[in-house]
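As provided, final.txt (compact mmCIF, C-alpha atoms) reads as follows.
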```
# COMPACT_ATOMS: atom_id res chain seq x y z
CA MET A 1 35.57 7.00 -55.66
CA GLN A 2 35.28 5.17 -52.33
CA GLN A 3 33.27 1.96 -52.58
CA SER A 4 30.26 1.44 -50.30
CA ALA A 5 30.64 -1.14 -47.56
CA LYS A 6 28.75 -4.35 -48.33
CA ALA A 7 25.85 -5.60 -46.24
CA VAL A 8 23.86 -8.84 -46.17
CA LEU A 9 20.15 -8.59 -45.31
CA VAL A 10 18.14 -11.24 -43.46
CA GLU A 11 14.45 -11.48 -42.55
CA VAL A 12 12.40 -14.07 -40.68
CA ASN A 13 8.60 -13.97 -41.15
CA ARG A 14 5.99 -16.13 -39.50
CA SER A 15 3.92 -16.17 -42.68
CA GLU A 16 4.16 -15.53 -46.40
CA SER A 17 3.12 -11.93 -45.83
CA GLU A 18 4.61 -9.06 -47.78
CA SER A 19 8.33 -8.88 -47.15
CA GLY A 20 9.99 -6.03 -45.30
CA LEU A 21 13.24 -6.59 -47.18
CA PRO A 22 12.64 -3.87 -49.83
CA GLU A 23 12.38 -1.21 -47.12
CA LEU A 24 15.32 -2.73 -45.22
CA ARG A 25 17.30 -2.44 -48.47
CA GLN A 26 16.38 1.25 -48.68
CA LEU A 27 17.45 1.74 -45.08
CA ALA A 28 20.77 -0.02 -45.69
CA GLU A 29 21.45 2.09 -48.78
CA SER A 30 20.55 5.24 -46.85
CA ALA A 31 23.15 4.20 -44.27
CA GLY A 32 25.75 3.95 -47.03
CA TYR A 33 25.81 0.17 -47.64
CA SER A 34 25.55 -1.71 -50.90
CA VAL A 35 23.43 -4.84 -50.51
CA ALA A 36 25.41 -7.90 -51.54
CA MET A 37 22.86 -10.62 -50.72
CA GLU A 38 19.42 -11.13 -49.16
CA PHE A 39 17.96 -14.06 -47.22
CA ARG A 40 14.36 -14.65 -46.19
CA GLN A 41 12.90 -17.49 -44.16
CA THR A 42 9.26 -18.22 -43.29
CA ARG A 43 9.07 -19.59 -39.74
CA SER A 44 8.82 -18.53 -36.12
CA PRO A 45 12.07 -16.88 -34.93
CA ASP A 46 14.54 -19.36 -33.47
CA SER A 47 15.52 -18.58 -29.86
CA ALA A 48 19.22 -19.07 -30.59
CA PHE A 49 19.76 -17.62 -34.09
CA CYS A 50 16.44 -15.95 -35.06
CA VAL A 51 16.71 -17.85 -38.38
CA GLY A 52 16.74 -21.62 -38.21
CA ARG A 53 20.06 -23.25 -37.38
CA GLY A 54 20.33 -24.77 -40.84
CA LYS A 55 19.63 -21.40 -42.44
CA ALA A 56 22.21 -19.75 -40.21
CA LYS A 57 24.86 -22.22 -41.42
CA GLU A 58 23.77 -21.64 -45.04
CA ILE A 59 24.19 -17.87 -44.59
CA ALA A 60 27.62 -18.43 -43.03
CA GLU A 61 28.74 -20.49 -46.05
CA LYS A 62 27.39 -18.05 -48.65
CA VAL A 63 28.76 -14.85 -47.11
CA CYS A 64 32.19 -16.34 -46.55
CA GLY A 65 33.63 -14.99 -49.80
CA LEU A 66 31.64 -11.72 -49.87
CA THR A 67 33.50 -10.00 -47.01
CA PRO A 68 30.51 -7.83 -46.02
CA ALA A 69 30.89 -5.22 -43.29
CA LYS A 70 27.67 -6.25 -41.56
CA VAL A 71 24.79 -8.67 -41.55
CA ILE A 72 21.54 -6.76 -40.94
CA PHE A 73 18.38 -8.45 -39.64
CA ASN A 74 14.94 -6.98 -40.23
CA ASN A 75 13.92 -8.63 -36.95
CA ARG A 76 14.60 -7.35 -33.45
CA LEU A 77 17.50 -9.46 -32.13
CA LYS A 78 17.99 -10.56 -28.53
CA PRO A 79 21.53 -10.39 -27.07
CA MET A 80 21.97 -14.17 -27.20
CA GLN A 81 20.81 -14.33 -30.83
CA ARG A 82 23.19 -11.56 -31.84
CA TYR A 83 26.04 -13.19 -29.93
CA ASN A 84 25.43 -16.61 -31.53
CA LEU A 85 25.14 -15.12 -35.02
CA THR A 86 28.30 -13.02 -34.57
CA LYS A 87 30.22 -16.06 -33.41
CA LEU A 88 28.96 -18.23 -36.30
CA LEU A 89 29.25 -15.65 -39.09
CA ARG A 90 32.41 -13.96 -37.77
CA LEU A 91 30.83 -10.66 -38.76
CA GLU A 92 29.15 -7.79 -36.98
CA VAL A 93 25.41 -8.46 -36.77
CA ILE A 94 22.85 -5.71 -36.13
CA ASP A 95 19.07 -5.45 -36.32
CA ARG A 96 16.70 -2.96 -37.96
CA PHE A 97 16.52 -0.72 -34.91
CA GLN A 98 20.31 -0.38 -34.75
CA LEU A 99 20.41 0.34 -38.50
CA ILE A 100 17.87 3.17 -38.11
CA LEU A 101 19.95 4.58 -35.25
CA GLU A 102 23.01 4.41 -37.49
CA ILE A 103 21.22 6.44 -40.18
CA PHE A 104 20.02 8.95 -37.59
CA THR A 105 23.56 9.30 -36.24
CA ARG A 106 24.89 10.04 -39.74
CA ARG A 107 22.16 12.59 -40.46
CA ALA A 108 21.98 14.35 -37.09
CA GLY A 109 22.86 17.98 -37.67
CA THR A 110 21.69 19.62 -34.45
CA VAL A 111 22.64 19.17 -30.81
CA GLU A 112 19.05 18.17 -30.04
CA ALA A 113 19.02 15.41 -32.67
CA LYS A 114 22.36 14.07 -31.39
CA TYR A 115 21.05 13.97 -27.81
CA GLN A 116 17.82 12.27 -28.95
CA ILE A 117 19.72 9.57 -30.85
CA GLU A 118 22.15 8.88 -28.00
CA LEU A 119 19.22 8.65 -25.58
CA ALA A 120 17.47 6.08 -27.79
CA LYS A 121 20.69 4.05 -28.08
CA LEU A 122 21.22 3.96 -24.31
CA GLN A 123 17.58 3.13 -23.58
CA TYR A 124 17.85 0.27 -26.07
CA GLU A 125 21.07 -0.93 -24.47
CA LEU A 126 20.09 -0.67 -20.80
CA PRO A 127 17.74 -3.70 -20.53
CA MET A 128 20.38 -5.82 -22.28
CA ALA A 129 23.39 -4.52 -20.32
CA ARG A 130 23.53 -7.42 -17.85
CA GLU A 131 23.26 -10.03 -20.64
CA ASN A 132 25.80 -8.22 -22.84
CA VAL A 133 28.40 -8.10 -20.06
CA ARG A 134 27.87 -11.80 -19.32
CA LEU A 135 28.32 -12.64 -23.00
CA ALA A 136 31.38 -10.40 -23.25
CA LYS A 137 33.03 -12.47 -20.52
CA MET A 138 32.28 -15.66 -22.47
CA GLY A 139 33.92 -14.45 -25.67
CA GLU A 140 34.35 -11.49 -27.98
CA LEU A 141 31.22 -9.47 -28.58
CA PRO A 142 31.56 -6.52 -31.00
CA GLY A 143 31.04 -3.22 -29.24
CA PHE A 144 31.82 -4.67 -25.80
CA HIS A 145 35.58 -5.34 -25.95
CA GLY A 146 37.17 -5.12 -22.53
CA LEU A 147 33.91 -4.88 -20.57
CA GLY A 148 34.64 -8.12 -18.72
CA LYS A 149 36.58 -6.15 -16.12
CA TYR A 150 33.54 -4.02 -15.22
CA GLN A 151 30.90 -5.11 -12.76
CA VAL A 152 27.43 -5.26 -14.28
CA ASP A 153 25.95 -2.83 -11.76
CA VAL A 154 28.71 -0.26 -12.45
CA TYR A 155 28.11 -0.49 -16.19
CA SER A 156 24.33 -0.14 -15.73
CA THR A 157 24.79 2.84 -13.40
CA MET A 158 26.95 4.60 -16.01
CA ILE A 159 24.19 4.19 -18.61
CA LYS A 160 21.47 5.39 -16.20
CA ARG A 161 23.46 8.49 -15.29
CA ARG A 162 23.99 9.37 -18.92
CA ILE A 163 20.29 8.83 -19.67
CA THR A 164 19.37 11.20 -16.81
CA TYR A 165 21.83 13.80 -18.13
CA LEU A 166 20.48 13.56 -21.70
CA ARG A 167 16.87 13.80 -20.57
CA ARG A 168 17.70 16.94 -18.58
CA LYS A 169 19.40 18.50 -21.61
CA LEU A 170 16.46 17.64 -23.87
CA GLU A 171 14.04 19.10 -21.32
CA ASP A 172 16.04 22.34 -21.41
CA ILE A 173 15.84 22.41 -25.22
CA SER A 174 12.12 21.61 -25.05
CA SER A 175 11.60 24.51 -22.63
CA ARG A 176 13.35 26.89 -25.01
CA LYS A 177 11.17 25.60 -27.85
CA SER A 178 8.06 26.14 -25.72
CA LEU A 179 9.07 29.77 -25.20
CA SER A 180 9.57 30.15 -28.94
CA ARG A 181 6.13 28.60 -29.59
CA ALA A 182 4.60 30.93 -27.00
CA ARG A 183 6.09 33.95 -28.79
CA ARG A 184 4.71 32.66 -32.10
CA LYS A 185 1.30 32.14 -30.48
CA GLU A 186 1.30 35.75 -29.34
CA GLN A 187 1.41 36.67 -33.02
CA TYR A 188 -1.73 34.53 -33.59
CA LEU A 189 -0.23 32.85 -36.64
CA PHE A 190 -1.89 29.71 -37.95
CA HIS A 191 0.53 26.76 -37.75
CA ILE A 192 0.60 23.88 -40.27
CA ALA A 193 2.87 20.84 -39.83
CA LEU A 194 3.99 18.80 -42.85
CA THR A 195 4.11 15.11 -42.01
CA GLY A 196 4.26 11.80 -43.84
CA TYR A 197 6.20 8.63 -44.43
CA THR A 198 9.91 9.12 -44.86
CA SER A 199 10.85 10.07 -48.44
CA ALA A 200 7.30 11.14 -49.34
CA GLY A 201 8.47 14.63 -50.36
CA LYS A 202 7.81 16.69 -47.20
CA THR A 203 10.93 18.84 -47.51
CA THR A 204 10.38 19.39 -51.25
CA LEU A 205 6.88 20.70 -50.51
CA PHE A 206 8.18 22.77 -47.58
CA ASN A 207 10.77 24.39 -49.86
CA ARG A 208 8.12 25.01 -52.50
CA LEU A 209 5.72 26.69 -50.04
CA THR A 210 8.28 28.75 -48.09
CA GLU A 211 10.88 29.39 -50.82
CA GLU A 212 13.47 27.74 -48.57
CA SER A 213 16.34 25.54 -49.75
CA LEU A 214 16.57 22.75 -47.18
CA PRO A 215 18.41 19.60 -48.34
CA GLU A 216 16.19 17.25 -50.34
CA GLY A 217 16.88 13.64 -51.28
CA ASN A 218 15.43 10.23 -52.12
CA SER A 219 17.25 8.54 -49.24
CA LEU A 220 15.31 7.86 -46.04
CA PHE A 221 15.35 10.28 -43.10
CA THR A 222 16.87 13.28 -44.91
CA THR A 223 15.11 15.45 -42.29
CA LEU A 224 15.63 14.80 -38.57
CA SER A 225 15.11 18.23 -37.03
CA THR A 226 12.03 20.43 -37.28
CA THR A 227 12.31 23.65 -39.30
CA THR A 228 9.58 26.30 -39.11
CA ARG A 229 9.15 29.16 -41.58
CA GLY A 230 6.42 31.64 -42.48
CA ALA A 231 4.75 31.89 -45.90
CA ALA A 232 1.71 33.57 -47.43
CA VAL A 233 -1.52 31.63 -47.91
CA GLY A 234 -4.52 33.54 -49.23
CA GLY A 235 -2.78 36.84 -48.50
CA ARG A 236 -2.12 35.87 -44.88
CA LYS A 237 1.04 34.73 -43.13
CA VAL A 238 1.01 31.09 -42.04
CA LEU A 239 3.72 29.06 -40.27
CA PHE A 240 4.86 25.77 -41.85
CA SER A 241 6.96 23.13 -40.07
CA ASP A 242 8.98 20.43 -41.85
CA THR A 243 9.20 17.38 -39.57
CA VAL A 244 10.91 13.99 -39.27
CA GLY A 245 9.38 11.26 -41.45
CA PHE A 246 7.54 8.21 -40.15
CA ILE A 247 8.45 4.60 -40.86
CA ASP A 248 6.74 1.25 -40.35
CA ASP A 249 7.40 -0.32 -36.95
CA LEU A 250 9.23 2.79 -35.74
CA PRO A 251 10.80 1.67 -32.45
CA HIS A 252 8.97 3.11 -29.46
CA LEU A 253 12.27 4.31 -28.01
CA LEU A 254 12.75 6.56 -31.05
CA VAL A 255 9.21 7.92 -30.74
CA GLU A 256 9.92 8.69 -27.06
CA ALA A 257 13.36 10.19 -27.73
CA PHE A 258 12.05 12.36 -30.57
CA TYR A 259 8.96 13.48 -28.66
CA SER A 260 10.09 17.11 -28.49
CA THR A 261 10.38 17.05 -32.31
CA LEU A 262 7.02 15.32 -32.78
CA GLU A 263 5.48 17.80 -30.33
CA GLU A 264 5.62 20.40 -33.13
CA VAL A 265 3.18 18.18 -35.02
CA SER A 266 0.86 17.57 -32.07
CA LEU A 267 0.57 21.31 -31.30
CA ALA A 268 -0.02 22.43 -34.91
CA ASP A 269 -3.42 23.85 -35.89
CA LYS A 270 -3.56 21.60 -38.98
CA VAL A 271 -1.50 18.65 -40.20
CA ILE A 272 -0.80 18.03 -43.87
CA LEU A 273 -0.21 14.32 -44.44
CA ILE A 274 1.93 13.87 -47.55
CA LEU A 275 1.58 10.54 -49.37
CA ASP A 276 3.64 9.14 -52.24
CA ALA A 277 1.35 8.59 -55.23
CA SER A 278 4.09 6.67 -57.07
CA ASP A 279 4.02 3.76 -54.58
CA CYS A 280 2.30 0.56 -55.62
CA GLN A 281 -1.14 0.08 -54.05
CA GLY A 282 0.04 -2.34 -51.35
CA GLU A 283 2.94 -0.11 -50.29
CA PHE A 284 0.71 2.95 -50.37
CA GLU A 285 -1.87 1.37 -48.07
CA ARG A 286 0.80 0.08 -45.65
CA LYS A 287 2.46 3.50 -45.39
CA LEU A 288 -0.84 5.34 -44.94
CA LYS A 289 -1.85 2.99 -42.09
CA THR A 290 1.56 3.54 -40.46
CA CYS A 291 1.20 7.34 -40.70
CA ILE A 292 -2.32 7.35 -39.25
CA SER A 293 -1.24 5.04 -36.42
CA THR A 294 1.78 7.24 -35.58
CA LEU A 295 -0.29 10.42 -35.70
CA ASN A 296 -2.94 8.86 -33.46
CA GLU A 297 -0.19 7.91 -31.02
CA ILE A 298 0.78 11.57 -30.59
CA GLY A 299 -2.81 12.79 -30.39
CA ILE A 300 -3.56 13.75 -34.01
CA PHE A 301 -6.82 12.41 -35.42
CA ASN A 302 -8.54 12.52 -38.81
CA SER A 303 -10.38 15.82 -38.33
CA LYS A 304 -7.05 17.64 -38.06
CA ILE A 305 -5.48 16.00 -41.15
CA LEU A 306 -5.42 17.32 -44.72
CA PRO A 307 -4.23 14.46 -46.98
CA VAL A 308 -2.04 15.34 -49.96
CA LEU A 309 -1.14 12.94 -52.79
CA ASN A 310 2.37 13.96 -53.92
CA LYS A 311 4.55 12.91 -56.88
CA ALA A 312 1.62 12.96 -59.30
CA ASP A 313 4.15 13.71 -62.05
CA VAL A 314 5.57 10.17 -61.82
CA ALA A 315 2.45 8.27 -60.73
CA SER A 316 0.79 6.21 -63.44
CA GLU A 317 -2.52 5.62 -61.64
CA TYR A 318 -3.89 6.90 -58.36
CA GLU A 319 -7.70 6.61 -58.49
CA SER A 320 -7.69 3.59 -56.16
CA LYS A 321 -5.37 5.48 -53.81
CA ILE A 322 -7.79 8.42 -53.66
CA ASP A 323 -10.57 6.00 -52.70
CA PHE A 324 -8.41 4.40 -49.99
CA VAL A 325 -7.47 7.81 -48.51
CA GLU A 326 -11.13 8.90 -48.45
CA GLU A 327 -12.08 5.67 -46.67
CA ALA A 328 -9.20 5.87 -44.15
CA ILE A 329 -9.29 9.60 -43.33
CA GLY A 330 -12.74 10.72 -44.42
CA SER A 331 -11.65 13.42 -46.88
CA ALA A 332 -10.33 13.42 -50.44
CA PRO A 333 -6.63 14.16 -50.95
CA VAL A 334 -5.30 17.15 -52.85
CA ILE A 335 -3.27 15.94 -55.88
CA ILE A 336 0.07 17.73 -56.33
CA SER A 337 3.65 17.45 -57.49
CA ALA A 338 5.91 19.33 -55.09
CA LYS A 339 8.77 18.88 -57.56
CA THR A 340 7.08 20.51 -60.59
CA GLY A 341 4.66 22.77 -58.72
CA ALA A 342 1.54 21.19 -60.24
CA GLY A 343 -1.46 21.49 -57.94
CA ILE A 344 0.26 23.83 -55.45
CA GLU A 345 -2.26 26.64 -55.99
CA ARG A 346 -5.07 24.14 -55.45
CA LEU A 347 -3.37 23.07 -52.20
CA LYS A 348 -3.04 26.68 -51.07
CA GLY A 349 -6.74 27.12 -51.77
CA ALA A 350 -7.52 24.10 -49.60
CA MET A 351 -5.32 25.47 -46.82
CA ALA A 352 -6.93 28.92 -47.05
CA SER A 353 -10.38 27.33 -46.63
CA PHE A 354 -9.66 26.15 -43.09
CA LEU A 355 -7.90 29.33 -41.92
CA PRO A 356 -9.95 31.30 -39.36
CA PRO A 357 -12.26 33.82 -41.09
CA ASN A 358 -11.03 37.38 -41.64
CA ARG A 359 -12.58 40.47 -40.11
CA VAL A 360 -12.36 43.96 -41.56
CA ILE A 361 -11.58 46.44 -38.79
CA LYS A 362 -11.19 50.18 -38.53
CA LEU A 363 -8.99 51.65 -35.84
CA HIS A 364 -7.57 54.99 -34.89
CA VAL A 365 -4.18 55.56 -33.31
CA GLU A 366 -2.21 58.67 -32.41
CA ASN A 367 0.67 59.79 -34.63
CA GLY A 368 4.21 58.79 -33.77
CA VAL A 369 5.72 55.56 -32.43
CA ALA A 370 2.31 54.04 -31.58
CA ALA A 371 1.17 54.41 -35.19
CA GLU A 372 4.24 52.69 -36.60
CA GLU A 373 4.02 49.89 -34.02
CA THR A 374 0.32 49.33 -34.78
CA LYS A 375 0.92 49.21 -38.54
CA SER A 376 3.70 46.66 -38.02
CA VAL A 377 1.39 44.50 -35.87
CA LEU A 378 -1.43 44.68 -38.43
CA MET A 379 0.89 43.70 -41.29
CA SER A 380 1.99 40.60 -39.35
CA MET A 381 -1.67 39.70 -38.73
CA GLY A 382 -3.02 40.20 -42.24
CA LYS A 383 -3.11 43.16 -44.59
CA ILE A 384 -3.76 46.88 -44.40
CA ASN A 385 -6.41 48.03 -46.86
CA SER A 386 -6.06 51.80 -46.35
CA THR A 387 -4.33 54.37 -44.19
CA SER A 388 -5.36 58.02 -43.75
CA TYR A 389 -3.38 60.63 -41.81
CA SER A 390 -4.66 63.72 -40.01
CA GLU A 391 -3.55 66.02 -37.22
CA GLY A 392 -5.54 63.91 -34.78
CA GLY A 393 -3.74 60.69 -35.69
CA VAL A 394 -3.94 57.80 -38.14
CA SER A 395 -7.06 55.91 -39.26
CA ILE A 396 -6.39 52.39 -40.56
CA ILE A 397 -8.70 49.89 -42.23
CA ALA A 398 -7.23 46.39 -42.12
CA GLU A 399 -8.20 42.78 -42.70
CA VAL A 400 -7.17 40.34 -39.95
CA ALA A 401 -8.06 36.83 -38.78
CA THR A 402 -10.55 36.58 -35.91
CA SER A 403 -7.86 34.82 -33.84
CA ASN A 404 -5.95 38.14 -33.79
CA LEU A 405 -8.80 40.16 -32.26
CA PRO A 406 -7.91 39.45 -28.59
CA LYS A 407 -4.48 41.03 -29.12
CA LEU A 408 -6.05 44.13 -30.66
CA GLU A 409 -8.47 44.36 -27.73
CA ARG A 410 -5.49 44.22 -25.33
CA MET A 411 -3.75 46.98 -27.31
CA LYS A 412 -6.88 49.11 -26.93
CA LYS A 413 -6.95 48.52 -23.15
CA GLU A 414 -3.28 49.49 -23.02
CA GLN A 415 -4.30 52.68 -24.90
CA LYS A 416 -1.99 51.93 -27.83
CA ILE A 417 -5.14 52.06 -29.97
CA THR A 418 -7.62 54.93 -29.47
CA THR A 419 -10.67 53.34 -31.11
CA LEU A 420 -11.40 49.89 -32.55
CA GLU A 421 -14.42 49.19 -34.78
CA PHE A 422 -15.47 45.94 -36.51
CA LEU A 423 -16.86 46.57 -39.98
CA GLU A 424 -17.59 43.15 -41.57
CA GLU A 425 -16.19 39.68 -42.21
CA GLY A 426 -13.63 39.36 -45.00
```
What would the structure in this file look like if it were written as structure tokens?
Amino acid sequence: MQQSAKAVLVEVNRSESESGLPELRQLAESAGYSVAMEFRQTRSPDSAFCVGRGKAKEIAEKVCGLTPAKVIFNNRLKPMQRYNLTKLLRLEVIDRFQLILEIFTRRAGTVEAKYQIELAKLQYELPMARENVRLAKMGELPGFHGLGKYQVDVYSTMIKRRITYLRRKLEDISSRKSLSRARRKEQYLFHIALTGYTSAGKTTLFNRLTEESLPEGNSLFTTLSTTTRGAAVGGRKVLFSDTVGFIDDLPHLLVEAFYSTLEEVSLADKVILILDASDCQGEFERKLKTCISTLNEIGIFNSKILPVLNKADVASEYESKIDFVEEAIGSAPVIISAKTGAGIERLKGAMASFLPPNRVIKLHVENGVAAEETKSVLMSMGKINSTSYSEGGVSIIAEVATSNLPKLERMKKEQKITTLEFLEEG
């Protein structure tokens, strides 16, 4: 079995606040590294090394015999800091943002995701291009070998052209997605987006609700592309979307690059926010605040959110978490285990409660193609209660959501339906 490449983790904090190293360790492991050593320093970031100069020398001495592949900083590194650290440590040095991009690159399975990731990389690189080229001329800088022969403006122009190309391609994909959403909207199907912190169990719940078999895993960012499927809730077809997970301090460039993916969340009728009940209280609160902040950033506010407390099968205590969710969002969470199926029926009941109310209708349509087309439309909208045939045509009593009524009215105007009568609410 091939051994994982080693990585050394470093963090600089201004105070003795809760460390970000545990999550950085998870990110490193998700990228395929085994963590060989961790360093943490409480101070303001040093302009030359991020860590203090003495600490930088200490790290250099301690990692000398470890032969790690990379040194990964939880802090955002400036070009000069990365250059100085690389020169001192004689190792490749990256920051948290670059590590997340590395994970995304490994996990990208669609053309859209690959374009989004490359766009984020280039947008990250562009402001630093001039400084990187200058440093490359001074000495070796990993990732910039040979760039000394290029003029800075030529290098910057190349990046800008590629960014323009990628944005155009992503706009094309977004346009195709908009057409697909428009077609779905014509069917008047209620749309629910599953969101939450990365590794909260979104895909497991999605598979449970839709009987799909998308890849699941404990590693971060298993899902990068949105998948939408239909499933029955309260006897009615509803669309569910599995979406990319959130993370604390998600770089703005990634939010911007993945906007077309996050747009599925912003346009959904309801958002289910999945929370990990097995997290300790501090972690739980931090992740919930991050999720709410990210959702607010894309235009989703509390009234549109249904909180769900997942992994109840492995959580020892979650009463305090319920209280915190109620205080933060204004509604109590539904307790479930997507893995075992516990609480799923209760969740479906909660989802059914905010679906538009049903109406019982009676319509008449002539025999033939129109009758079969109308029955197909009604089945996609809800359920057919009864059908009676006669020489004059077909009489159908059906139960549909009120949101579907405009389409039925249009069908009547187009004379596909002879008569349309509203009996009562379902």
Quick one, how far is CA of Tyr83 in chain A from CA of Leu250 in chain A? 23.9 Å
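Closest approach to Arg346 in chain A among A:Lys362, A:Met379, A:Pro333, A:Leu99 is made by A:Pro333 (distances from only C-alpha atoms).
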Excluding same-chain residues fewer than 3 positions from range 204-214 of chain A, what lies within 12 Å of it counting all atoms listed in the file, as a ChimeraX atom specification? /A:192-196,199-201,217-218,222-233,237-243,272-275,308-311,336-345,347-348,351
Expected file contents, prior selection, C-alpha atoms, as a PDB file, keeping the file's coordinate frame:
```pdb
ATOM      1  CA  ILE A 192       0.600  23.880 -40.270  1.00  0.00           C
ATOM      2  CA  ALA A 193       2.870  20.840 -39.830  1.00  0.00           C
ATOM      3  CA  LEU A 194       3.990  18.800 -42.850  1.00  0.00           C
ATOM      4  CA  THR A 195       4.110  15.110 -42.010  1.00  0.00           C
ATOM      5  CA  GLY A 196       4.260  11.800 -43.840  1.00  0.00           C
ATOM      6  CA  SER A 199      10.850  10.070 -48.440  1.00  0.00           C
ATOM      7  CA  ALA A 200       7.300  11.140 -49.340  1.00  0.00           C
ATOM      8  CA  GLY A 201       8.470  14.630 -50.360  1.00  0.00           C
ATOM      9  CA  GLY A 217      16.880  13.640 -51.280  1.00  0.00           C
ATOM     10  CA  ASN A 218      15.430  10.230 -52.120  1.00  0.00           C
ATOM     11  CA  THR A 222      16.870  13.280 -44.910  1.00  0.00           C
ATOM     12  CA  THR A 223      15.110  15.450 -42.290  1.00  0.00           C
ATOM     13  CA  LEU A 224      15.630  14.800 -38.570  1.00  0.00           C
ATOM     14  CA  SER A 225      15.110  18.230 -37.030  1.00  0.00           C
ATOM     15  CA  THR A 226      12.030  20.430 -37.280  1.00  0.00           C
ATOM     16  CA  THR A 227      12.310  23.650 -39.300  1.00  0.00           C
ATOM     17  CA  THR A 228       9.580  26.300 -39.110  1.00  0.00           C
ATOM     18  CA  ARG A 229       9.150  29.160 -41.580  1.00  0.00           C
ATOM     19  CA  GLY A 230       6.420  31.640 -42.480  1.00  0.00           C
ATOM     20  CA  ALA A 231       4.750  31.890 -45.900  1.00  0.00           C
ATOM     21  CA  ALA A 232       1.710  33.570 -47.430  1.00  0.00           C
ATOM     22  CA  VAL A 233      -1.520  31.630 -47.910  1.00  0.00           C
ATOM     23  CA  LYS A 237       1.040  34.730 -43.130  1.00  0.00           C
ATOM     24  CA  VAL A 238       1.010  31.090 -42.040  1.00  0.00           C
ATOM     25  CA  LEU A 239       3.720  29.060 -40.270  1.00  0.00           C
ATOM     26  CA  PHE A 240       4.860  25.770 -41.850  1.00  0.00           C
ATOM     27  CA  SER A 241       6.960  23.130 -40.070  1.00  0.00           C
ATOM     28  CA  ASP A 242       8.980  20.430 -41.850  1.00  0.00           C
ATOM     29  CA  THR A 243       9.200  17.380 -39.570  1.00  0.00           C
ATOM     30  CA  ILE A 272      -0.800  18.030 -43.870  1.00  0.00           C
ATOM     31  CA  LEU A 273      -0.210  14.320 -44.440  1.00  0.00           C
ATOM     32  CA  ILE A 274       1.930  13.870 -47.550  1.00  0.00           C
ATOM     33  CA  LEU A 275       1.580  10.540 -49.370  1.00  0.00           C
ATOM     34  CA  VAL A 308      -2.040  15.340 -49.960  1.00  0.00           C
ATOM     35  CA  LEU A 309      -1.140  12.940 -52.790  1.00  0.00           C
ATOM     36  CA  ASN A 310       2.370  13.960 -53.920  1.00  0.00           C
ATOM     37  CA  LYS A 311       4.550  12.910 -56.880  1.00  0.00           C
ATOM     38  CA  ILE A 336       0.070  17.730 -56.330  1.00  0.00           C
ATOM     39  CA  SER A 337       3.650  17.450 -57.490  1.00  0.00           C
ATOM     40  CA  ALA A 338       5.910  19.330 -55.090  1.00  0.00           C
ATOM     41  CA  LYS A 339       8.770  18.880 -57.560  1.00  0.00           C
ATOM     42  CA  THR A 340       7.080  20.510 -60.590  1.00  0.00           C
ATOM     43  CA  GLY A 341       4.660  22.770 -58.720  1.00  0.00           C
ATOM     44  CA  ALA A 342       1.540  21.190 -60.240  1.00  0.00           C
ATOM     45  CA  GLY A 343      -1.460  21.490 -57.940  1.00  0.00           C
ATOM     46  CA  ILE A 344       0.260  23.830 -55.450  1.00  0.00           C
ATOM     47  CA  GLU A 345      -2.260  26.640 -55.990  1.00  0.00           C
ATOM     48  CA  LEU A 347      -3.370  23.070 -52.200  1.00  0.00           C
ATOM     49  CA  LYS A 348      -3.040  26.680 -51.070  1.00  0.00           C
ATOM     50  CA  MET A 351      -5.320  25.470 -46.820  1.00  0.00           C
TER      51      MET A 351
END
```
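The residue that comes closest to Gly299 in chain A, out of A:Glu263, A:Asp95, A:Glu414, A:Glu23 and on the basis of all atoms listed in the file, is A:Glu263.
Put simply, CA of Glu125 in chain A is 20.6 Å away from CA of Ala31 in chain A.
For the residues A:Glu326, A:Glu29, A:Glu399, A:Glu283, ranking by smallest atom-to-atom distance to Ala7 in chain A using all atoms listed in the file places A:Glu29 first.
The space between CA of Ser178 in chain A and CA of Ile100 in chain A spans 27.9 Å.
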Counting all atoms listed in the file, the residue among A:Val71, A:Ser156, A:Arg167, A:Arg14 that lies closest to Glu118 in chain A is A:Arg167
12 Å contact set for Ser293 in chain A, only C-alpha atoms, chain neighbours under 5 positions out, as an MDAnalysis selection string: chainID A and resid 196:197 246:250 286:288 298:302 328:329
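Using all atoms listed in the file, the smallest distance between any of A:Glu366, A:Glu327, A:Glu112, A:Asp313 and Lys289 in chain A comes from A:Glu327.
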Contacts of Ile361 in chain A at 8 Å (all atoms listed in the file; same-chain gap of 6+ positions) as a PyMOL selection string: chain A and resi 397-400+420-424
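The shortest atom-to-atom distance to Glu92 in chain A, with only C-alpha atoms taken into account, belongs to A:Val8 out of A:Val334, A:Val8, A:Leu21, A:Val369.
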Would you list the contacts of range 389-394 of chain A as a ChimeraX atom specification, taking every protein, DNA or RNA residue within 10 Å and counting only C-alpha atoms, but skipping same-chain residues closer than 3 positions in sequence? /A:363-368,370-372,375,418
Residues within 7 Å of range 102-106 of chain A, only C-alpha atoms, excluding chain neighbours under 6 positions, as an MDAnalysis selection string: chainID A and resid 30:31 114 117
Write the residues of the preceding selection, restricted to C-alpha atoms, as an mmCIF file, in the coordinates of the input.
```cif
data_model
loop_
_atom_site.group_PDB
_atom_site.id
_atom_site.type_symbol
_atom_site.label_atom_id
_atom_site.label_comp_id
_atom_site.auth_asym_id
_atom_site.auth_seq_id
_atom_site.Cartn_x
_atom_site.Cartn_y
_atom_site.Cartn_z
ATOM 1 C CA SER A 30 20.550 5.240 -46.850
ATOM 2 C CA ALA A 31 23.150 4.200 -44.270
ATOM 3 C CA LYS A 114 22.360 14.070 -31.390
ATOM 4 C CA ILE A 117 19.720 9.570 -30.850
#
```
